[in-house]
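J.: So here's model37.cif (mmCIF, C-alpha atoms).
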data_protein
loop_
_atom_site.label_atom_id
_atom_site.label_comp_id
_atom_site.auth_asym_id
_atom_site.auth_seq_id
_atom_site.Cartn_x
_atom_site.Cartn_y
_atom_site.Cartn_z
CA MET K 1 70.54 98.01 117.50
CA SER K 2 69.58 100.64 114.93
CA THR K 3 71.65 101.22 111.79
CA SER K 4 72.54 104.72 112.99
CA SER K 5 73.82 103.29 116.30
CA VAL K 6 75.97 100.75 114.48
CA THR K 7 77.32 103.46 112.19
CA GLY K 8 78.19 105.63 115.18
CA GLU K 9 80.10 102.81 116.81
CA LEU K 10 82.01 102.14 113.60
CA ASP K 11 83.32 105.71 113.73
CA ALA K 12 84.46 105.54 117.37
CA TRP K 13 88.05 105.02 116.16
CA ARG K 14 88.16 108.61 114.94
CA GLY K 15 88.54 109.80 118.52
CA LEU K 16 91.46 107.48 119.27
CA PRO K 17 95.19 107.52 118.39
CA ALA K 18 95.60 106.16 114.84
CA LEU K 19 99.20 105.24 114.09
CA GLN K 20 100.76 104.75 110.66
CA GLN K 21 98.20 106.91 108.86
CA PRO K 22 99.35 109.00 105.89
CA THR K 23 99.52 112.76 106.28
CA TRP K 24 97.12 113.99 103.63
CA ASP K 25 97.39 117.52 102.22
CA ASP K 26 93.65 118.17 102.03
CA PRO K 27 91.11 116.58 104.44
CA ALA K 28 88.27 117.56 102.09
CA GLU K 29 89.87 115.52 99.31
CA VAL K 30 90.10 112.52 101.62
CA GLY K 31 86.44 112.92 102.52
CA ALA K 32 85.42 113.04 98.88
CA VAL K 33 87.38 109.88 98.10
CA ALA K 34 85.89 108.07 101.11
CA ALA K 35 82.39 109.05 99.99
CA GLU K 36 83.09 107.69 96.52
CA LEU K 37 84.47 104.44 97.94
CA ALA K 38 81.39 104.06 100.11
CA LYS K 39 79.24 103.90 96.96
CA GLN K 40 81.26 101.11 95.34
CA PRO K 41 80.08 97.47 95.24
CA PRO K 42 81.56 95.13 97.85
CA LEU K 43 84.71 93.25 96.92
CA VAL K 44 83.66 90.29 99.08
CA PHE K 45 80.40 89.24 100.69
CA ALA K 46 79.48 88.74 104.32
CA GLY K 47 78.52 85.11 103.70
CA GLU K 48 81.99 84.40 102.31
CA CYS K 49 83.54 85.94 105.43
CA ASP K 50 81.35 83.72 107.59
CA GLN K 51 82.45 80.71 105.58
CA LEU K 52 86.11 81.57 106.17
CA ARG K 53 85.43 82.00 109.87
CA ASP K 54 84.01 78.46 109.89
CA ARG K 55 87.14 77.18 108.14
CA LEU K 56 89.38 78.98 110.65
CA ALA K 57 87.35 77.48 113.49
CA GLU K 58 88.49 74.09 112.19
CA VAL K 59 92.07 75.38 112.36
CA ALA K 60 91.58 76.56 115.95
CA HIS K 61 90.25 73.13 116.85
CA GLY K 62 93.26 71.39 115.28
CA ARG K 63 91.51 69.98 112.23
CA ALA K 64 92.86 72.20 109.41
CA PHE K 65 95.91 74.24 108.40
CA VAL K 66 96.23 77.79 107.03
CA LEU K 67 98.38 78.66 104.05
CA GLN K 68 98.44 82.45 103.76
CA GLY K 69 100.78 84.21 101.37
CA GLY K 70 101.48 86.65 98.59
CA ASP K 71 103.28 89.91 98.00
CA CYS K 72 104.80 92.01 100.73
CA ALA K 73 103.25 95.00 98.96
CA GLU K 74 101.12 94.63 95.87
CA THR K 75 101.52 97.20 93.12
CA PHE K 76 99.00 98.55 90.67
CA ALA K 77 101.28 97.48 87.84
CA GLY K 78 101.18 93.91 89.19
CA SER K 79 97.40 93.56 88.85
CA THR K 80 97.77 91.68 85.57
CA ALA K 81 96.55 88.23 84.58
CA ASP K 82 100.11 86.87 84.34
CA ASP K 83 101.24 88.23 87.72
CA VAL K 84 98.10 87.12 89.54
CA ARG K 85 98.19 83.68 87.89
CA ASN K 86 101.82 83.11 88.86
CA LYS K 87 101.21 83.97 92.52
CA LEU K 88 98.06 81.89 92.64
CA LYS K 89 99.83 79.01 90.91
CA THR K 90 102.53 78.95 93.59
CA LEU K 91 99.96 79.09 96.39
CA LEU K 92 98.02 76.19 94.87
CA GLN K 93 101.17 74.13 94.39
CA MET K 94 102.11 74.61 98.02
CA ALA K 95 98.57 73.74 99.10
CA VAL K 96 98.58 70.45 97.18
CA VAL K 97 101.84 69.40 98.82
CA LEU K 98 100.50 70.27 102.28
CA THR K 99 97.08 68.69 101.74
CA TYR K 100 98.47 65.36 100.60
CA ALA K 101 101.68 65.06 102.58
CA ALA K 102 100.22 66.34 105.84
CA SER K 103 96.77 64.75 105.26
CA VAL K 104 95.06 67.91 106.43
CA PRO K 105 92.55 70.32 104.84
CA VAL K 106 94.33 73.54 103.85
CA VAL K 107 92.63 76.93 104.11
CA LYS K 108 94.04 79.04 101.26
CA ILE K 109 94.29 82.79 101.93
CA GLY K 110 96.12 85.18 99.63
CA ARG K 111 97.95 88.34 100.63
CA MET K 112 96.29 89.54 97.45
CA ALA K 113 93.57 91.90 96.21
CA GLY K 114 94.20 94.62 98.78
CA GLN K 115 97.77 94.54 100.16
CA PHE K 116 98.57 98.00 98.79
CA ALA K 117 99.59 99.82 101.99
CA LYS K 118 102.58 99.33 104.27
CA PRO K 119 103.59 100.67 107.70
CA ARG K 120 106.92 102.46 107.84
CA SER K 121 109.48 102.90 110.60
CA LYS K 122 110.03 106.54 109.55
CA PRO K 123 107.54 108.98 107.95
CA VAL K 124 110.17 110.42 105.61
CA GLU K 125 113.04 109.19 103.46
CA VAL K 126 116.25 111.16 102.82
CA ARG K 127 118.47 110.67 99.77
CA ASP K 128 121.42 112.93 98.95
CA GLY K 129 120.06 115.59 101.28
CA VAL K 130 116.56 115.51 99.75
CA GLU K 131 113.71 114.65 102.15
CA LEU K 132 110.42 113.25 100.86
CA PRO K 133 107.55 111.28 102.38
CA ALA K 134 108.33 107.57 102.79
CA TYR K 135 106.78 105.15 100.32
CA ARG K 136 103.70 103.75 102.06
CA GLY K 137 102.48 101.49 99.29
CA ASP K 138 100.72 102.20 96.02
CA ALA K 139 97.48 103.00 97.86
CA VAL K 140 99.16 106.13 99.23
CA ASN K 141 102.03 107.23 96.97
CA GLY K 142 104.52 106.06 94.35
CA LEU K 143 107.82 104.24 94.72
CA ASP K 144 109.81 106.69 92.55
CA PHE K 145 111.81 109.14 94.63
CA SER K 146 110.35 112.39 93.34
CA PRO K 147 108.05 115.02 94.88
CA GLY K 148 105.22 114.16 92.50
CA ALA K 149 105.38 110.42 93.08
CA ARG K 150 105.82 110.66 96.84
CA ARG K 151 102.87 112.99 97.43
CA ASN K 152 100.36 111.22 99.67
CA ASP K 153 97.46 111.19 97.21
CA PRO K 154 94.04 110.00 98.50
CA ARG K 155 92.85 109.37 94.93
CA ARG K 156 95.15 106.36 95.01
CA LEU K 157 92.74 104.72 97.44
CA LEU K 158 90.26 104.49 94.58
CA GLN K 159 92.89 102.88 92.38
CA ALA K 160 93.59 100.40 95.19
CA TYR K 161 89.91 99.46 95.17
CA TYR K 162 89.82 99.02 91.38
CA SER K 163 93.06 97.01 91.33
CA SER K 164 91.76 94.82 94.17
CA SER K 165 88.59 94.19 92.18
CA VAL K 166 90.58 93.14 89.11
CA THR K 167 92.82 90.84 91.13
CA LEU K 168 89.94 89.24 93.01
CA ASN K 169 87.98 88.65 89.83
CA LEU K 170 91.01 86.96 88.27
CA CYS K 171 91.50 84.79 91.37
CA ARG K 172 87.86 83.73 91.29
CA ALA K 173 88.08 82.89 87.61
CA PHE K 174 91.28 80.88 88.02
CA THR K 175 90.13 78.96 91.10
CA LYS K 176 86.67 78.11 89.74
CA GLY K 177 87.30 77.90 86.00
CA GLY K 178 89.44 74.77 85.72
CA TYR K 179 92.88 76.30 86.26
CA ALA K 180 92.94 74.93 89.82
CA ASP K 181 92.05 71.36 88.83
CA LEU K 182 93.98 69.10 91.21
CA ARG K 183 95.56 67.01 88.47
CA GLN K 184 96.81 70.10 86.68
CA VAL K 185 98.26 71.59 89.85
CA HIS K 186 100.01 68.32 90.61
CA ALA K 187 101.51 68.33 87.12
CA TRP K 188 103.08 71.71 87.97
CA ASN K 189 104.68 70.13 91.02
CA GLN K 190 106.11 67.32 88.92
CA ASP K 191 107.77 70.00 86.81
CA PHE K 192 109.27 71.45 89.98
CA VAL K 193 110.52 68.04 91.10
CA ALA K 194 112.23 67.54 87.75
CA GLN K 195 113.97 70.93 87.78
CA SER K 196 114.71 71.58 91.44
CA PRO K 197 118.12 70.74 92.92
CA ALA K 198 116.15 69.39 95.86
CA GLY K 199 113.79 67.54 93.56
CA ARG K 200 115.05 64.03 94.34
CA ARG K 201 114.20 64.60 97.98
CA TYR K 202 110.57 65.12 96.98
CA GLU K 203 110.29 62.62 94.15
CA GLN K 204 108.86 59.93 96.40
CA LEU K 205 106.15 62.22 97.72
CA ALA K 206 105.25 63.41 94.22
CA GLY K 207 105.00 59.78 93.14
CA GLU K 208 102.64 59.03 96.03
CA ILE K 209 100.35 61.88 95.01
CA ASP K 210 100.38 60.71 91.40
CA ARG K 211 99.50 57.13 92.35
CA ALA K 212 96.68 58.33 94.60
CA LEU K 213 95.20 60.45 91.80
CA THR K 214 95.53 57.60 89.30
CA PHE K 215 93.81 55.20 91.73
CA MET K 216 90.90 57.58 92.29
CA LYS K 217 90.50 58.13 88.54
CA ALA K 218 90.46 54.38 87.97
CA CYS K 219 87.73 54.06 90.61
CA GLY K 220 85.67 56.69 88.84
CA ALA K 221 86.04 59.17 91.67
CA ASN K 222 85.74 62.69 90.32
CA PRO K 223 84.50 64.96 93.13
CA ASP K 224 83.85 68.65 92.57
CA GLU K 225 86.65 69.46 95.00
CA PHE K 226 89.14 68.19 92.40
CA HIS K 227 88.19 70.91 89.93
CA GLY K 228 88.17 74.10 92.00
CA VAL K 229 89.27 75.46 95.34
CA GLU K 230 88.08 77.88 97.98
CA PHE K 231 90.25 81.00 97.94
CA TYR K 232 90.06 83.93 100.32
CA SER K 233 91.61 87.40 100.17
CA SER K 234 93.37 89.25 102.98
CA HIS K 235 95.44 92.32 103.72
CA GLU K 236 96.66 94.39 106.63
CA ALA K 237 93.91 96.73 107.82
CA LEU K 238 96.15 99.78 107.88
CA ILE K 239 94.51 102.84 106.29
CA LEU K 240 91.39 103.30 108.34
CA GLU K 241 89.64 105.74 106.00
CA TYR K 242 89.76 103.06 103.30
CA GLU K 243 88.58 100.23 105.56
CA ARG K 244 85.76 102.31 107.06
CA ALA K 245 84.54 103.42 103.62
CA LEU K 246 84.32 99.78 102.54
CA THR K 247 82.39 98.61 105.60
CA ARG K 248 78.76 97.62 104.98
CA ILE K 249 75.86 96.51 107.16
CA ASP K 250 74.89 92.94 106.27
CA SER K 251 71.25 92.77 105.22
CA ARG K 252 70.88 89.28 106.74
CA THR K 253 72.05 90.05 110.24
CA GLY K 254 72.39 93.82 110.60
CA SER K 255 76.06 93.30 111.49
CA PRO K 256 78.95 95.31 109.97
CA TYR K 257 81.50 93.63 107.68
CA ASP K 258 84.56 95.16 106.06
CA VAL K 259 83.98 94.08 102.47
CA SER K 260 87.47 95.06 101.28
CA ALA K 261 88.66 91.51 102.07
CA HIS K 262 87.59 88.29 103.73
CA PHE K 263 90.32 88.43 106.39
CA LEU K 264 91.98 91.53 107.90
CA TRP K 265 94.94 91.64 110.23
CA LEU K 266 96.69 94.13 112.49
CA GLY K 267 100.45 94.50 112.49
CA GLU K 268 102.89 94.89 115.35
CA ARG K 269 102.80 98.68 114.94
CA THR K 270 99.01 99.07 115.15
CA ARG K 271 97.77 96.60 117.76
CA GLN K 272 97.62 99.03 120.71
CA LEU K 273 94.66 98.17 122.95
CA ASP K 274 93.63 101.82 123.22
CA GLY K 275 94.31 102.55 119.55
CA ALA K 276 92.05 103.22 116.60
CA HIS K 277 92.90 100.02 114.73
CA VAL K 278 91.97 97.65 117.53
CA ASP K 279 88.76 99.58 118.12
CA PHE K 280 87.74 99.39 114.48
CA LEU K 281 88.49 95.69 114.07
CA SER K 282 86.64 94.92 117.29
CA ARG K 283 83.43 96.19 115.65
CA ILE K 284 83.46 94.34 112.32
CA HIS K 285 82.41 90.71 111.96
CA ASN K 286 85.13 89.46 109.60
CA PRO K 287 87.60 86.88 110.84
CA ILE K 288 90.67 88.85 111.90
CA GLY K 289 94.31 88.33 112.81
CA VAL K 290 96.94 90.07 114.94
CA LYS K 291 100.71 89.93 114.44
CA LEU K 292 102.62 89.13 117.66
CA GLY K 293 106.34 89.92 117.84
CA PRO K 294 108.99 88.72 120.31
CA THR K 295 108.23 91.45 122.89
CA THR K 296 104.58 90.40 123.18
CA THR K 297 103.65 89.19 126.66
CA ALA K 298 101.06 86.57 127.49
CA ASP K 299 99.00 89.27 129.17
CA ASP K 300 99.14 91.30 125.94
CA ALA K 301 97.73 88.33 124.05
CA LEU K 302 94.95 87.77 126.60
CA ALA K 303 93.99 91.45 126.52
CA LEU K 304 93.78 91.36 122.72
CA MET K 305 91.59 88.26 122.91
CA GLU K 306 89.26 89.95 125.36
CA ARG K 307 89.01 93.07 123.21
CA LEU K 308 88.71 91.42 119.79
CA ASN K 309 86.85 88.20 120.62
CA PRO K 310 85.15 88.60 124.01
CA SER K 311 82.59 85.89 123.25
CA GLY K 312 85.27 83.35 122.35
CA GLN K 313 83.83 82.67 118.91
CA PRO K 314 85.85 79.94 117.14
CA GLY K 315 87.48 81.17 113.95
CA ARG K 316 87.14 84.84 114.81
CA LEU K 317 90.73 85.46 115.96
CA THR K 318 94.07 84.27 114.60
CA PHE K 319 97.40 85.05 116.24
CA ILE K 320 100.19 85.39 113.65
CA THR K 321 103.55 85.09 115.39
CA ARG K 322 106.62 86.79 113.89
CA MET K 323 109.35 86.23 116.44
CA GLY K 324 112.57 85.60 114.49
CA ALA K 325 114.37 82.28 114.22
CA ASP K 326 116.60 83.05 117.20
CA LYS K 327 113.72 83.99 119.52
CA ILE K 328 110.69 81.85 118.73
CA ARG K 329 111.63 78.86 120.88
CA ASP K 330 111.86 81.08 123.97
CA ALA K 331 109.26 83.78 123.25
CA LEU K 332 106.37 81.65 121.96
CA PRO K 333 105.80 79.05 124.73
CA PRO K 334 104.58 81.47 127.46
CA LEU K 335 102.02 82.94 125.04
CA VAL K 336 100.68 79.58 123.87
CA GLU K 337 100.55 78.18 127.40
CA LYS K 338 98.58 81.08 128.89
CA VAL K 339 96.25 81.49 125.93
CA THR K 340 95.52 77.76 125.95
CA ARG K 341 94.76 77.82 129.68
CA ASN K 342 92.33 80.68 129.02
CA GLY K 343 90.24 78.29 126.95
CA SER K 344 89.15 80.60 124.13
CA PRO K 345 89.85 79.05 120.73
CA VAL K 346 92.61 80.78 118.76
CA ALA K 347 94.30 79.76 115.52
CA TRP K 348 98.12 79.97 115.75
CA VAL K 349 99.91 80.84 112.51
CA CYS K 350 103.65 81.39 111.95
CA ASP K 351 105.00 84.34 109.95
CA PRO K 352 108.67 83.32 109.52
CA MET K 353 109.54 86.28 107.32
CA HIS K 354 109.32 89.54 109.25
CA GLY K 355 111.55 88.61 112.15
CA ASN K 356 114.44 87.54 109.91
CA THR K 357 115.19 90.54 107.71
CA PHE K 358 118.70 91.97 107.44
CA GLU K 359 120.63 94.25 105.10
CA ALA K 360 123.16 92.73 102.73
CA PRO K 361 126.45 94.54 102.00
CA SER K 362 124.90 95.67 98.70
CA GLY K 363 122.22 97.59 100.64
CA HIS K 364 119.42 95.19 99.68
CA LYS K 365 117.04 94.06 102.42
CA THR K 366 117.02 90.27 102.38
CA ARG K 367 116.25 87.12 104.35
CA ARG K 368 118.05 83.80 104.62
CA VAL K 369 115.90 80.85 103.61
CA THR K 370 117.59 78.85 106.38
CA ASP K 371 116.30 81.36 108.94
CA VAL K 372 112.80 81.17 107.51
CA LEU K 373 112.87 77.38 107.70
CA ASP K 374 114.33 77.46 111.20
CA GLU K 375 111.59 79.73 112.53
CA VAL K 376 108.95 77.41 111.10
CA ALA K 377 110.73 74.43 112.67
CA GLY K 378 110.80 76.28 116.02
CA PHE K 379 107.10 77.07 115.72
CA PHE K 380 106.28 73.39 115.20
CA ALA K 381 108.63 72.32 118.00
CA VAL K 382 106.94 74.63 120.50
CA HIS K 383 103.47 73.39 119.64
CA ARG K 384 104.60 69.78 119.65
CA SER K 385 106.09 70.18 123.12
CA LEU K 386 102.92 71.82 124.46
CA GLY K 387 100.47 69.48 122.75
CA THR K 388 98.86 72.35 120.83
CA HIS K 389 98.08 72.76 117.14
CA PRO K 390 100.50 74.50 114.75
CA GLY K 391 97.77 76.12 112.69
CA GLY K 392 99.51 77.49 109.62
CA ILE K 393 102.10 79.68 107.93
CA HIS K 394 101.93 83.26 106.66
CA ILE K 395 104.61 84.07 104.09
CA GLU K 396 105.65 86.65 101.53
CA PHE K 397 106.30 85.06 98.15
CA THR K 398 105.99 85.62 94.43
CA GLY K 399 105.47 83.24 91.55
CA ASP K 400 108.43 84.76 89.71
CA ASP K 401 112.08 83.67 89.80
CA VAL K 402 113.25 86.69 91.76
CA THR K 403 116.52 86.93 93.70
CA GLU K 404 115.41 88.58 96.93
CA CYS K 405 116.02 85.95 99.64
CA VAL K 406 119.38 84.18 99.89
CA GLY K 407 119.80 80.41 99.99
CA GLY K 408 117.29 77.79 98.95
CA GLY K 409 117.63 74.93 96.50
CA ASP K 410 119.09 77.18 93.81
CA GLU K 411 121.48 78.68 96.38
CA ILE K 412 121.04 82.40 95.74
CA ASP K 413 124.02 84.29 97.14
CA GLU K 414 124.10 87.84 98.51
CA SER K 415 126.05 88.84 95.40
CA ASP K 416 123.10 87.62 93.28
CA LEU K 417 120.48 89.87 94.86
CA HIS K 418 120.78 92.60 92.25
CA GLN K 419 119.88 90.27 89.39
CA ARG K 420 116.10 90.22 89.95
CA TYR K 421 115.36 92.27 93.05
CA GLU K 422 111.86 93.45 92.14
CA THR K 423 109.93 93.85 95.39
CA ALA K 424 108.31 97.19 96.20
CA CYS K 425 109.12 96.70 99.88
CA ASP K 426 110.36 93.55 101.67
CA PRO K 427 112.13 90.52 100.11
CA ARG K 428 109.95 87.60 99.01
CA LEU K 429 110.54 83.90 98.51
CA ASN K 430 110.57 82.87 94.87
CA ARG K 431 108.64 79.90 93.52
CA GLY K 432 111.33 77.31 94.19
CA GLN K 433 112.02 78.57 97.71
CA SER K 434 108.27 78.58 98.46
CA LEU K 435 107.86 74.97 97.36
CA ASP K 436 110.91 73.93 99.36
CA LEU K 437 109.17 75.45 102.37
CA ALA K 438 105.90 73.65 101.61
CA PHE K 439 107.58 70.24 101.51
CA MET K 440 109.43 70.95 104.75
CA VAL K 441 106.23 72.12 106.48
CA ALA K 442 104.48 68.96 105.32
CA GLU K 443 107.22 66.82 106.87
CA LEU K 444 107.04 68.78 110.13
CA TYR K 445 103.25 68.42 110.25
CA ARG K 446 103.48 64.69 109.73
CA LYS K 447 105.87 64.39 112.67
CA SER K 448 103.71 66.58 114.94
CA SER K 449 100.44 64.76 114.19
#
As a first step, turn the structure in this file into structure tokens.
T.:
Amino acid sequence: MSTSSVTGELDAWRGLPALQQPTWDDPAEVGAVAAELAKQPPLVFAGECDQLRDRLAEVAHGRAFVLQGGDCAETFAGSTADDVRNKLKTLLQMAVVLTYAASVPVVKIGRMAGQFAKPRSKPVEVRDGVELPAYRGDAVNGLDFSPGARRNDPRRLLQAYYSSSVTLNLCRAFTKGGYADLRQVHAWNQDFVAQSPAGRRYEQLAGEIDRALTFMKACGANPDEFHGVEFYSSHEALILEYERALTRIDSRTGSPYDVSAHFLWLGERTRQLDGAHVDFLSRIHNPIGVKLGPTTTADDALALMERLNPSGQPGRLTFITRMGADKIRDALPPLVEKVTRNGSPVAWVCDPMHGNTFEAPSGHKTRRVTDVLDEVAGFFAVHRSLGTHPGGIHIEFTGDDVTECVGGGDEIDESDLHQRYETACDPRLNRGQSLDLAFMVAELYRKSS
């Protein structure tokens, strides 16, 4: 197929309904920004995307586990070395616990270096009789409630690209430059064990890891894998002008890749079969994911598989379930059963965050850690009962000691939420809550193996 034919197909989405797109004041300004983005270097490379697809194929075949996490919505102000390091540190700590305790390779994917746009339930926000556009993430407008900040400004898409580049460069430096050395990461977990109220529960496991590392050192084993890790970036493919502008034709294969991230996913609000988002993702060669909520039918899942992965390529498609703790045990089995009977390989990943949000009396959006843990437990129980593979978790967390989700080892109460409620959108697990989750997931995986 000629390059012009491929390019034409990549723009087919423009003739389809595109939900959750910002209303821009000036289409010419959007076009100018898209043209400028199209000239920028890729943030990731096609070969890296292919490598991740191979890793996710191992997940689909039951031989690996996905740990995907990061901010609900990244901010430009958060693209600093300290903020990126703290998030990456938490992800690596969780991965070490899962790798050792579950004895399974862990595919590490950050909700980082691109998660700057968010879907909204309403296009506007009203405060004290004043109506302004809703905050759609830093890629579109600002969080401050003022006309200037809330203007949907396409120039912010360029800032999203630059901030993504900074974040991704930091992640690469940290994961390849010694910061991710296994012994160092384990030392961080020992610190957690010492300080956490739940630490005694995990002390035995931490001791096992320490003895294993000491044994390997005594034997002279010092593999390269101990000193660095594979890390992949991901975000929701929401603003189509941005994603299209960052799509390139791979010189090796002539195939299109969205080089804004290694892995892109569609949310519940944008996975319509006849919609622009599904059409666009069907044409790029990145590994992709789709969020599936509690109203998803098995036929919906099969239709998405047929549209997004008609050849049944392993590692191409991941289903990310976000059912809610009270629904997952009933809603998930029919999907897994019918998809499994279909025979096409799919990686199943649990998002235990988005189905468990509620509003506290203080007005803060929050989540109960017990609900998050219960949805993960339900996810594992369903797969265990069906003999299928629980392929991973997808969570929103931060490396900071925020007070956004209630419960956990430090027992954050609803009255504590105001102390450090710093998210730009949805509530995130803090470091301690994230590590509690990692240890619990490891235990569940051991039981299901």
J.: So what do you get for CA of Ala360 (chain K) versus CA of Val130 (chain K), distance-wise?
T.: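 Atom-to-atom, CA of Ala360 (chain K) to CA of Val130 (chain K), that is 23.9 Å.
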J.: Return the single residue from K:Pro294, K:Pro133, K:Gly70, K:Gly78 that is closest to Arg111 (chain K), with distances computed using only C-alpha atoms.
T.: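 Of K:Pro294, K:Pro133, K:Gly70, K:Gly78, the one nearest Arg111 (chain K) is K:Gly70, counting only C-alpha atoms.
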J.: What are the closest atom pairs, with distances in Å to one decimal, for all residues of region 332-363 of chain K lying within 12 Å of region 406-411 of chain K? Consider only C-alpha atoms, order rows by chain and residue number, and present the result as CSV.
T.:
residue,atom,partner,partner_atom,distance
K:Asn356,CA,K:Val406,CA,11.7
K:Thr357,CA,K:Val406,CA,10.9
K:Phe358,CA,K:Val406,CA,10.9
K:Glu359,CA,K:Val406,CA,11.4
K:Ala360,CA,K:Val406,CA,9.8
J.: Interatomic distance between CA of Gln51 (chain K) and CA of Phe263 (chain K)?
T.: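 So the two atoms, CA of Gln51 (chain K) and CA of Phe263 (chain K), lie 11.1 Å apart.
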J.: Which residue gives the smallest distance to Val441 (chain K) among K:Ala381, K:Val290, K:Leu332, K:Ile412, with all atoms listed in the file counted?
T.: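 Of K:Ala381, K:Val290, K:Leu332, K:Ile412, the one nearest Val441 (chain K) is K:Ala381, counting all atoms listed in the file.
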J.: Residues picked by the PyMOL selection byres ((chain K and resi 440) around 10) here, as a list in words?
T.: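 Checking the PyMOL selection byres ((chain K and resi 440) around 10) against this file, the residues are Val97, Leu98, Ala101, Tyr202, Leu373, Val376, Ala377, Ser434, Leu435, Asp436, Leu437, Ala438, Phe439, Val441, Ala442, Glu443, Leu444, Tyr445 and Arg446 of chain K.
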J.: Go ahead and compute the interatomic distance for CA of Glu268 (chain K) and CA of Val106 (chain K), in Å to one decimal.
T.: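 Those two atoms sit 25.7 Å apart.
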J.: Nearest to Pro287 (chain K) among K:Asp326, K:Asp83, K:Asp54, K:Glu243, with distances taken over all atoms listed in the file: which residue is it?
T.: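 Between K:Asp326, K:Asp83, K:Asp54, K:Glu243, the residue approaching Pro287 (chain K) most closely is K:Asp54.
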J.: Mind telling me what the PyMOL selection byres ((chain K and resi 113-127) around 7) catches here, as a PyMOL selection string?
T.: chain K and resi 20+73-75+111-112+128-134+136-140+160+164-165+167-168+233-236+238
J.: Restricting the calculation to only C-alpha atoms: of K:Thr366, K:Gln21, K:Asn169, K:Asn430, which residue gets closest to Glu241 (chain K)?
T.: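 For Glu241 (chain K), the nearest of the given residues is K:Gln21.
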J.: Using all atoms listed in the file, find each residue in region 239-321 of chain K having at least one atom no more than 10 Å away from region 343-347 of chain K; report its shortest atom-to-atom pair and that distance in Å (one decimal), rows by chain then rising number, as CSV.
T.:
residue,atom,partner,partner_atom,distance
K:Gly289,CA,K:Ala347,CA,9.0
K:Leu302,CA,K:Ser344,CA,9.5
K:Met305,CA,K:Ser344,CA,8.1
K:Glu306,CA,K:Ser344,CA,9.4
K:Asn309,CA,K:Ser344,CA,8.7
K:Pro310,CA,K:Ser344,CA,8.9
K:Ser311,CA,K:Ser344,CA,8.5
K:Gly312,CA,K:Ser344,CA,5.1
K:Gln313,CA,K:Pro345,CA,7.3
K:Pro314,CA,K:Pro345,CA,5.4
K:Gly315,CA,K:Val346,CA,7.0
K:Arg316,CA,K:Val346,CA,7.9
K:Leu317,CA,K:Val346,CA,5.8
K:Thr318,CA,K:Ala347,CA,4.6
K:Phe319,CA,K:Ala347,CA,6.2
K:Ile320,CA,K:Ala347,CA,8.4
J.: With the PyMOL selection byres ((chain K and resi 30) around 12) as the selection, what would be picked from this file? Answer as a ChimeraX atom specification, please.
T.: /K:22-29,31-37,140,152-158,239-242,245
J.: Measuring atom to atom with all atoms listed in the file, identify which of K:Trp348, K:Phe145, K:Trp188, K:Tyr162 is nearest to Leu56 (chain K).
T.: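 Going through K:Trp348, K:Phe145, K:Trp188, K:Tyr162 one by one, the smallest distance to Leu56 (chain K) is for K:Trp348.
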J.: Could you pull the residues within 10 Å of Phe280 (chain K), counting all atoms listed in the file, minus those fewer than 2 positions along the same chain, as a PDB file with C-alpha atoms, in the frame of the given file?
T.:
ATOM      1  CA  GLU K   9      80.100 102.810 116.810  1.00  0.00           C
ATOM      2  CA  LEU K  10      82.010 102.140 113.600  1.00  0.00           C
ATOM      3  CA  ASP K  11      83.320 105.710 113.730  1.00  0.00           C
ATOM      4  CA  ALA K  12      84.460 105.540 117.370  1.00  0.00           C
ATOM      5  CA  TRP K  13      88.050 105.020 116.160  1.00  0.00           C
ATOM      6  CA  ARG K  14      88.160 108.610 114.940  1.00  0.00           C
ATOM      7  CA  ALA K 237      93.910  96.730 107.820  1.00  0.00           C
ATOM      8  CA  LEU K 240      91.390 103.300 108.340  1.00  0.00           C
ATOM      9  CA  GLU K 243      88.580 100.230 105.560  1.00  0.00           C
ATOM     10  CA  ARG K 244      85.760 102.310 107.060  1.00  0.00           C
ATOM     11  CA  ASP K 258      84.560  95.160 106.060  1.00  0.00           C
ATOM     12  CA  GLY K 275      94.310 102.550 119.550  1.00  0.00           C
ATOM     13  CA  ALA K 276      92.050 103.220 116.600  1.00  0.00           C
ATOM     14  CA  HIS K 277      92.900 100.020 114.730  1.00  0.00           C
ATOM     15  CA  VAL K 278      91.970  97.650 117.530  1.00  0.00           C
ATOM     16  CA  SER K 282      86.640  94.920 117.290  1.00  0.00           C
ATOM     17  CA  ARG K 283      83.430  96.190 115.650  1.00  0.00           C
ATOM     18  CA  ILE K 284      83.460  94.340 112.320  1.00  0.00           C
ATOM     19  CA  LEU K 308      88.710  91.420 119.790  1.00  0.00           C
TER      20      LEU K 308
END
J.: Give me, as a PyMOL selection string, all polymer residues having an atom no more than 10 Å from Leu386 (chain K), counting all atoms listed in the file and skipping those fewer than 2 positions away in the same chain.
T.: chain K and resi 333+336-337+340+380-384+388-389
J.: For Ile209 (chain K), which of K:Tyr100, K:Asp71, K:His61, K:Leu273 is the closest residue, counting all atoms listed in the file?
T.: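 Smallest separation from Ile209 (chain K) among the options: K:Tyr100.
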J.: When you look at Leu170 (chain K) with a cut-off of 9 Å (counting all atoms listed in the file), what residues show up, excluding the ones that are within fewer than 2 positions of it in the same chain? I need them as an NGL selection string.
T.: :K and (80-81 or 84-85 or 165-168 or 172-175)
J.: Write to file, as a compact mmCIF listing (two decimals), in the coordinates of the input, the residues of the selection just made, with C-alpha atoms.
T.:
# COMPACT_ATOMS: atom_id res chain seq x y z
CA THR K 80 97.77 91.68 85.57
CA ALA K 81 96.55 88.23 84.58
CA VAL K 84 98.10 87.12 89.54
CA ARG K 85 98.19 83.68 87.89
CA SER K 165 88.59 94.19 92.18
CA VAL K 166 90.58 93.14 89.11
CA THR K 167 92.82 90.84 91.13
CA LEU K 168 89.94 89.24 93.01
CA ARG K 172 87.86 83.73 91.29
CA ALA K 173 88.08 82.89 87.61
CA PHE K 174 91.28 80.88 88.02
CA THR K 175 90.13 78.96 91.10
